[in-house]
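Scroll down for the structure; my scribbles are underneath it.
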Amino acid sequence: MSQTITPAALTGHATGSEATVVEQTRAVAEVQAAITVARACPRDLDRARAEMRRACAERALADRAFYSVQGRGQGPSVHLARELARIWGNIDYGVRELRRDDVEGVSEVQAYAWDQETNARTIRSFLVPHARTTRKGRQRLTDLGDIYLNNQNQGAKAVRECIFAVLPTWLVQEAQNLCHATVRGEVVADGLDKAVEKSTAAFASLGVTAAMLEQRVGRPRSAWTADDVARLRTDYTSLTRDGFTIDELFEATTVEVATLTGSPDGATA
């Protein structure tokens with residue numbers, strides 16, 4: 001038996017202005033229509049798995065499938081989440097800015113993901129300070145464009161988790177394994193020595209030194225593996241496409257006095 005969703009049931013309020021009631025009725029109609037369409041056109045699991053495998057075999061996705069940020073951890077990226085949601089189908093997701101307080105310097109943001117076929121839904125509401133953390137401390141944001149981008153950046157992290165919460169675990173795990181294999185396979189195909197050289201040169205063009213790369217990896221370039229180079233490609237994508245800064249990914253290198261002077265105690269000749 002079908003169940004009718006009423007505005008009062010959706011919002012928890014039985015009364016309101018005429019404009020509010022109209023908007024509530026429209027929202028309820030959209031929800032009911034989405035559920036009806038999803039159930040009438042259920043996803044094909046075999047097709048979804050096959051398309052996921054094809055997508056993860058492409059460098060365009062594999063290079064952006066992971067993130068790794070100093071002090072914030074690493075894992076599957078929002079780019080992978082959105083692509084898997086597209087492939088899985090019948091999923092609605094997004095980020096809403098509910099409230100912005102320029103006096104207090106904070107915005108209220110909501111991220112959500114909803115599987116319209118299974119009715120699995122995840123919603124996360126949180127406060128985003130109008131500030132950016134740098135190595136020099138906390139920097140307050142006042143430009144409207146900077147505030148918007150900061151809200152969207154924080155919202156993207158939350159919507160990523162929402163999407164992964166409604167997707168099946170097997171789909172997410174297999175996609176990660178395939179994307180990593182794709183990147184690693186490219187490194188092996190290029191030859192490790194050549195891949196290390198190309199990676200070092202690419203980062204040098206961004207102002208990232210070889211010493212910073214070695215510190216990031218945790219060992220000298222002569223000991224790098226194909227997995228190390230694959231992870232550095234993730235960092236390169238984060239810098240060139242995802243808007244991360246060098247300070248967010250790499251620690252400043254410390255140069256020993258002996259390196260500059262050639263003397264163990266730093267004395268000059």
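Identifiers for the structure tokens are assigned positionally: chains receive A, B, ... in sequence, residues are indexed from 1 per chain, and ligands are indexed from 1 in the order shown.
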Quick one: everything within 10 Å of range 230-237 of chain A, counting only C-alpha atoms, minus sequence neighbours fewer than 5 positions away in the same chain. Send it as JSON, numbers by chain. {"A": [62, 63, 64, 65, 66, 67, 68, 69, 180, 181, 182, 183, 184, 185, 186, 187, 188, 195, 196, 199, 200, 202, 203, 206, 213, 216, 217, 225, 242, 243, 244, 246, 249, 250]}
Test item: residues at most 10 Å from range 101-112 of chain A, only C-alpha atoms, excluding those fewer than 3 positions along its chain, as an NGL selection string: :A and (92-98 or 121-131 or 140-142 or 144 or 147-148 or 150-152 or 154-163)
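If only C-alpha atoms are the atoms counted, then among A:Arg39, A:His79, A:Lys198, A:Arg26 the closest residue to Asp115 in chain A is A:Arg39.
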All helix (DSSP H, G or I) positions in range 41-250 of chain A, as an NGL selection string: :A and (45-56 or 59-62 or 78-88 or 144-166 or 169-190 or 192-204 or 210-217 or 221-223 or 226-240 or 246-249)
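Considering the residues A:Thr209, A:Thr245, A:Thr133, A:Asn90 and counting only C-alpha atoms, Thr36 in chain A has its shortest atom-to-atom contact with A:Asn90.
Counting only C-alpha atoms and comparing A:Glu197, A:Asp44, A:Glu18, A:Glu214, the residue that lies closest to Glu117 in chain A is A:Asp44.
Using only C-alpha atoms, the protein and nucleic acid residues lying no more than 7 Å from Cys56 in chain A, apart from those fewer than 4 places from it along its own chain, are Met52, Leu61, Ala62, Ala175, Leu178 and Cys179 of chain A.
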To one decimal place, how far is CA of Asp227 in chain A from CA of Gly191 in chain A in Å? 12.6 Å
Using only C-alpha atoms, which of the listed residues (A:Ala33, A:Ala55, A:Ala113, A:Ala226) sits closest to Leu167 in chain A? A:Ala113
